Structure formats: structure tokens, C-alpha cells
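Peer 1: Here it is, the structure, as C-alpha cells.
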Amino acid sequence: MLAVGAVAFVYTVVMAGGTLTIPLYVLWASQFGFGSLTTVIVFIAYVVGVVGTLLVAGSLSDAVGRRPVLALSLALTALSTVGFALADGLTVLLISRVLSGVATGLITATATSAIAELVRGRRTAAVLSTAANVGGLSLGVVAAGVLAQCVTAPTHTVFWCYLATCAVAGVFWLVIPETAVPSADGTAGRTVRWQPRIRRPVLPDGASRVRSFVASGVLVAASSGVNGFFSSLAPAFLRDDLGVSNFAVIGVGVGTLFISALLAQTVTPAALVRRGIGTALLAVGMIVIEAALWTHSAPLFIVGTVFAGAAVGTLLRHGLSVTDALCHPGNRAELTATYFLFLYSGLVVPVLVLGLADQAVGTRASSTMLAALVVSTALVGLALGRRTEPASTPDTFSRPSTHRTPVEENHE
């Protein structure tokens with residue numbers, strides 16, 4: 001249990017670094033003189049780091065082992081944190097966001113795989129992985145918002161405090177064992193030597209298994225559009241359209257999405273972790289958020305955020321369970337990296353559309369476009385998933401053999 005807790009803690013700390021910047025965008029925008037589109041570009045720099053790493057090094061820990069990649073991710077997180085703390089212009093922010101994205105890209109597949117290898121039971125592993133992932137995201141934005149409200153020079157102090165947390169995570173890393181499947185010569189990883197090159201995303205074998213995996217990927221990509229909005233422009237929307245100026249309130253408001261997602265992952269019964277339920281929650285959340293922006297209602301915005309966060313958590317947990325059911329022992333990180341590639345790729349287009357449209361047609365019209373894009377993408381994933389062969393819910397059965405058909409939800 002100590003090893004599992006150590007992996008989860010390191011995972012949580014690195015993921016927290018991905019949202020630590022969210023409440024501070026409005027301060028940097030004022031300090032460095034940039035608007036909403038530039039804010040989106042800074043956020044996309046993070047996504048570029050994540051996606052590029054997943055494409056180039058998604059399978060790295062299958063070859064060299066989980067521990068070295070966890071250490072590298074933590075080191076890059078610390079380096080990016082120093083960059084944020086010392087940033088004196090847009091260029092340093094962009095470089096630091098890319099480094100933070102690289103760290104996230106390295107740890108998502110690696111830590112998820114390590115937890116799955118340390119924990120017996122797919123449901124427990126999926127819950128722990130998603131709890132560490134989304135729990136870190138929620139802690140990062142809430143802690144940054146509270147600190148920004150309470151300390152002087154928040155764009156510096158927040159990151160120095162976080163750097164100390166990274167040092168604690170480094171101590172936890174020392175007790176993490178190697179969990180990768182040994183190769184023929186007894187070393188961690190597979191017998192195939194890893195080389196740094198852009199790799200084609202892998203898919204499971206069999207048409208039904210591919211449809212199952214892609215359906216889960218499309219759905220998590222749709223939910224990522226919501227994450228992207230909250231991770232980039234939501235603070236500015238809260239300040240300019242809903243009249244919220246307190247950084248702690250902004251941090252908690254944005255963090256509500258991730259907290260709701262975390263609760264959905266940890267307390268929702270396995271029977272309710274279904275594509276249809278996640279899609280319905282996503283549609284309701286986006287409609288209520290839109291109503292809040294059109295009526296300038298902060299309480300309504302929070303209600304919509306809770307629904308949207310529950311959708312994010314449900315769809316992420318479902319997709320991780322399906323992905324774990326399809327993994328071979330030797331390519332766990334590789335297939336998991338492909339799943340996270342869906343997730344982070346889903347951040348780019350909606351957020352970029354939102355940033356461009358915000359300058360062209362205004363906040364309310366642009367947010368309506370985002371909502372339509374998110375919901376329509378989710379419906380595509382839901383329709384694709386209903387073509388897969390029905391079995392049982394992925395959370396409900398034991399770890400499959402290599403050639404077992406993936407466990408999917410019962411169609412409603």
C-alpha cells in the first residue's frame with residue numbers, strides 16, 4: 001500500500017502543476033499585456049507538450065521502466081515551476097507551459113500503468129488513477145486561487161510553495177518499486193529497444209475492440225473540451241461576465257469542475273459508470289453553464305459546473321476501465337498513452353475555437369459554439385459505442401486474459 005500511495009502522490013503533485021497557472025492568467029494578462037487569444041495560446045503550449053510527449057515517448061516506460069520516467073516527469077515539473085516563478089515575459093511562460101505539458105505527458109501513461117500493476121482489481125486501479133489525475137488538477141487550481149488571494153506577489157509565491165511540494169514528492173518517489181513487465185534479459189520493459197521517434201498511436205486487435213476503444217476515446221475527448229474551457233478562459237469569464245474578482249473564489253469555482261469529477265469517480269457505483277449517463281450529464285452541464293453565462297448567474301454557473309464535472313469523471317473512469325481491459329502486459333503504457341492522446345487532443349480544437357470566436361463574436365456566442373461542439377462530439381462517441389458488442393460493465397469483472405473481448409457496458 002505504501003508503494004501505491006507513493007505513486008498516487010507523485011501523480012497528484014505533477015497533475016497539480018498543470019492547473020496551478022489557471023487563476024493567475026488574469027494577472028499575467030495584465031502584467032504582460034495580452035488578451036484572451038494569447039491566454040489560449042499559452043494553454044495550448046501545455047497541450048502541445050502533452051500530445052507531443054505521448055506521441056514520441058508514450059511507450060517509454062514500457063521499455064526503460066516506470067521509476068525512471070516518474071523521476072523525469074517530476075524533474076521537468078520542478079524545472080517548469082522555476083520558470084513560472086521567474087517569468088518576466090510571455091516567452092518564458094510559453095516555455096514553462098511546454099515543459100509542464102511534457103511532464104504531464106510522461107506521467108499520465110506511466111503512473112496509470114504503475115497503479116494498474118500494483119493494485120489488484122480493475123475498478124480499484126481505475127478509481128485510484130483517475131482520483132490522482134483529477135484530484136491533482138482540482139488541488140492545483142484551488143490552492144493557487146487561495147494562495148493568490150492571500151499572499152503578496154502571487155505569480156511568484158505560488159510557485160515557490162509548489163516547488164517545495166515537488167521536493168516532498170521526490171522523497172515519496174524513493175519508495176516506489178519497479179512494476180514494468182520484465183523482458184527476456186530480466187530488465188524492466190520489453191525486449192524491443194525504445195527509440196525517440198513519432199509513433200503511430202496503437203489500437204487493440206479486432207474490429208469490435210477497436211470500436212470500443214475509439215468510442216471511449218471520442219467521449220473523453222468531448223469532455224476535454226470542458227476541461228480546456230475551465231483551464232484557460234473560465235477565470236476571465238468569471239471576472240468579466242459574472243463579476244467575480246476574488247482569486248480564491250475563482251480558484252474554487254474552476255476547481256468545482258475537477259472536484260465534481262473526482263467525486264464522480266470515487267463514489268459513483270460501477271453500474272452507473274456508463275457512456276450514456278456520462279453523455280447525458282455532459283449535455284445537461286453545458287446547457288446550464290450556457291444559461292448561466294447568458295443570464296450572468298454565478299450560482300447557476302456552479303450548478304452547471306457540477307454536472308459537467310460529474311460527466312468528465314464518469315467518462316474518464318469508464319474509458320480507463322475499457323483501456324485497461326484491452327491492454328497486453330507488455331504494451332500497457334503504450335495503449336494508455338493512446339487513450340490520453342484522445343483526451344489531450346480534445347483540448348486543442350474547442351479551446352482554440354473559443355479563443356478565436358471570443359474576439360470575433362463575444363463571450364456568450366463563442367461559449368455557445370463550444371457547448372455545441374462538445375455535445376455533438378460526445379453524441380458521436382455514444383453512437384460509435386452502441387455499435388460494440390454488449391457485454392458487462394468494465395468495472396465489474398476481473399483482469400482479462402490477453403485475448404479476451406473487452407468488457408463494455410450493457411446497452412440501455
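Convention: chains lettered A, B, ... in C-alpha cells order; per-chain residue numbering from 1; ligands numbered from 1 as shown.
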Taking only residues of range 103-186 of chain A that have an atom at most 9 Å from an atom of range 316-325 of chain A, what is each one's shortest atom pair and its distance in Å to one decimal, using only C-alpha atoms, in chain and number order, as CSV?
Peer 2:
```
residue,atom,partner,partner_atom,distance
A:Thr112,CA,A:Leu320,CA,8.9
A:Ser113,CA,A:Asp324,CA,8.7
A:Ala116,CA,A:Asp324,CA,7.9
A:Arg122,CA,A:Ser321,CA,6.6
A:Arg123,CA,A:Ser321,CA,7.0
A:Ala125,CA,A:Ser321,CA,8.5
A:Ala126,CA,A:Ser321,CA,5.9
A:Val127,CA,A:Arg317,CA,6.8
A:Ser129,CA,A:Leu320,CA,8.5
A:Thr130,CA,A:Arg317,CA,6.3
```
Peer 1: Identify, on the basis of only C-alpha atoms, every residue whose closest approach to Ser232 in chain A does not exceed 8 Å; exclude the query and any residue fewer than 2 positions from it along the same chain; express the result as an MDAnalysis selection string.
Peer 2: chainID A and resid 22 25 39:40 43 228:230 234:235 351
Peer 1: Would you mind exporting the chosen residues as a compact mmCIF listing (two decimals), in the first residue's frame, restricted to C-alpha atoms?
Peer 2:
```txt
# COMPACT_ATOMS: atom_id res chain seq x y z
CA ILE A 22 -5.26 28.88 -14.14
CA TYR A 25 -3.73 34.02 -16.16
CA THR A 39 -4.18 33.11 -22.99
CA VAL A 40 -5.48 30.27 -25.18
CA PHE A 43 -2.68 26.97 -22.60
CA GLY A 228 -10.00 23.17 -21.78
CA PHE A 229 -12.52 25.95 -21.23
CA PHE A 230 -12.10 25.80 -17.46
CA ALA A 234 -13.06 30.37 -17.42
CA PRO A 235 -11.28 32.70 -14.93
CA VAL A 351 -10.34 25.91 -26.82
```
Peer 1: Pick out the residues sitting within 12 Å of Asp358 in chain A, and hand them over as a PyMOL selection string; count only C-alpha atoms, and ignore anything fewer than 3 positions along from it in its own chain.
Peer 2: chain A and resi 35-40+229+233-234+236-237+350-355+361-370
Peer 1: Please determine, counting only C-alpha atoms, which residue among A:Leu263, A:Val218, A:Leu99, A:Ala360 has the shortest atom-to-atom distance to Phe340 in chain A.
Peer 2: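 When distances to Phe340 in chain A are compared using only C-alpha atoms, the smallest one comes from A:Val218.
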Peer 1: From the set A:Phe258, A:Phe301, A:Phe159, A:Trp173, which residue has the shortest atom-to-atom contact distance to Leu2 in chain A, counting only C-alpha atoms?
Peer 2: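 Counting only C-alpha atoms, the residue closest to Leu2 in chain A is A:Trp173.
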